[in-house]
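K.L.:
For reference, the structure I am asking about is given below.
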Amino acid sequence: MTDLFITGFIQIRWIDVIDILLVALLLYELYKLLKGTVAINIFFGIVAVVLVWQVVNALQMELLSKILGAFISVGFIALIVIFQPEMRRFLLALGTSTFMRKKGRRFLFWRLNIDTYPGIDANTIVMACNHMSEMKQGALIILTRKNELKQYINTGEELMAKLSVPLLENIFYGHGPLHDGAVIISENIIMAAGCILPVSGNTEIPKRLGLRHRAAAGITEVSDAIAIVVSEETGKTSYSIGGKLITKVSIAELKSFLETEFYEEQEMKRD
């Protein structure tokens, strides 16, 4: 009764269709995660080997099937090492509320009340970025959400200071001791300055962009934070989320983006 139809010796059930769709979704998400990295070629190679293995199994070619099966089973451990950064990003994405919120638009059973980010004063951030942009004063600002980024806070100078425009501008002043690193902000508190962040290896990032932009993309690849960059050379403002770098945004676009990402806190303040 559970069979949809029978073609030759292959029986296809409803559960098989669901299985295929779930695997296709998983492969699609992995492809989006690896796109633009050197790991994408390895990913395609693995998919090709698995497909050949399945064909060999279906044709009952026992010797070749055992060889490919042994290769895949032993290679699994090697894949964990090779894809460690990508696997970390994928598992992090699964566990963050932004991933659930986006997928909840497709799957109703994922719509959970988990969007409880700390509040942020978007106006202060935008005003500081606007001033530094006009003066071509380079800056790298990290806004935490679920992840507190304690391991990166520990690499800088702990401040625990209330967020303000003059303080942000002073930290990134060209001759200051902390201007080269990143500022990490959580719940309108500047947690630390001069922080060292991981640099993205994404080959899609234009080579003309400097280490600030690559660090912005890097921190958002390994966490759910939002990174804002002010270019020291051009004065242009950019932001990064989920490893994606959006360059040359206007101050109005930046403000709209921040208010959208932290919309719950903005609504609570208005109420």
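Residue numbers start at 1 in each chain; chains themselves are named A, B, ... in the order of the structure tokens; ligands are numbered from 1 in the order shown.
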Need the shell around Lys136 of chain A: protein/DNA/RNA residues with any atom at most 7 Å away, counting only C-alpha atoms. Skip same-chain ones fewer than 2 positions apart. Format as number ranges by chain?

P.N.:
A: 132-134, 138, 231-235

K.L.:
Write out as a PyMOL selection string the residues lying within 10 Å of Ser250 of chain A, counting only C-alpha atoms and excluding same-chain residues fewer than 4 positions away.

P.N.:
chain A and resi 130+236-238+254-256

K.L.:
Could you turn the residues from that selection into a file that holds C-alpha atoms, as a compact mmCIF listing (two decimals), in the first residue's frame?

P.N.:
# COMPACT_ATOMS: atom_id res chain seq x y z
CA ASN A 130 28.90 58.25 9.36
CA LYS A 236 32.96 53.52 2.26
CA THR A 237 30.91 51.52 4.74
CA SER A 238 30.32 47.78 4.47
CA LEU A 254 23.11 50.42 7.22
CA LYS A 255 20.53 51.79 9.65
CA SER A 256 17.72 49.90 7.93

K.L.:
So that I can see what lies close to Leu163 of chain A, please list as a PyMOL selection string the residues with an atom at most 9 Å from it, counting only C-alpha atoms and leaving out residues fewer than 2 positions away in the same chain.

P.N.:
chain A and resi 121+124-125+161+165-168+185+187-190

K.L.:
Find, counting only C-alpha atoms, the residue in A:Ala217, A:Leu140, A:Glu62, A:Ile67 that gets nearest to Val229 of chain A.

P.N.:
A:Leu140

K.L.:
Determine which residues of segment 183-251 of chain A DSSP labels as alpha helix (DSSP H) from the backbone of this structure, then write them out as a PDB file with C-alpha atoms, in the first residue's frame.

P.N.:
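Here's the written file states_26.pdb:
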ATOM      1  CA  LEU A 211      42.263  42.767   6.164  1.00  0.00           C
ATOM      2  CA  ARG A 212      39.444  44.640   7.921  1.00  0.00           C
ATOM      3  CA  HIS A 213      36.950  43.402   5.351  1.00  0.00           C
ATOM      4  CA  ARG A 214      38.346  39.868   5.415  1.00  0.00           C
ATOM      5  CA  ALA A 215      38.240  39.829   9.213  1.00  0.00           C
ATOM      6  CA  ALA A 216      34.628  41.052   9.083  1.00  0.00           C
ATOM      7  CA  ALA A 217      33.697  38.160   6.802  1.00  0.00           C
ATOM      8  CA  GLY A 218      35.815  35.758   8.878  1.00  0.00           C
ATOM      9  CA  ILE A 219      34.093  36.452  12.205  1.00  0.00           C
ATOM     10  CA  THR A 220      30.644  36.145  10.636  1.00  0.00           C
ATOM     11  CA  GLU A 221      31.618  32.802   9.086  1.00  0.00           C
ATOM     12  CA  ILE A 251      24.235  55.177   6.014  1.00  0.00           C
TER      13      ILE A 251
END

K.L.:
Run DSSP on the backbone of this structure and report the residues of segment 101-232 of chain A it assigns to strand (DSSP E or B), as a list of chain:residue names.

P.N.:
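After running DSSP on the backbone, segment 101-232 of chain A has strand (DSSP E or B) at A:Ala139, A:Leu140, A:Ile141, A:Ile142, A:Leu143, A:Glu157, A:Glu158, A:Leu159, A:Met160, A:Ala161, A:Lys162, A:Ala182, A:Val183, A:Ile184, A:Ile185, A:Ser186, A:Ile189, A:Ile190, A:Met191, A:Ala192, A:Ala193, A:Gly194, A:Cys195, A:Ile226, A:Ala227, A:Ile228, A:Val229, A:Val230.
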
K.L.:
Here is a test: counting only C-alpha atoms, which residue of A:Arg145, A:His131, A:Lys66, A:Lys244 is nearest to Glu169 of chain A?

P.N.:
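The shortest atom-to-atom distance to Glu169 of chain A comes from A:His131.
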
K.L.:
What gap, in Å, lies between atom CA of Leu59 of chain A and atom CA of Asp16 of chain A?

P.N.:
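According to the coordinates, atom CA of Leu59 of chain A and atom CA of Asp16 of chain A are separated by 19.9 Å.
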
K.L.:
Would you please work out which residue, of A:Val222, A:Met127, A:Ile196, A:Gly176, is nearest to Ser240 of chain A when using only C-alpha atoms?

P.N.:
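Closest to Ser240 of chain A of all the choices is A:Val222.
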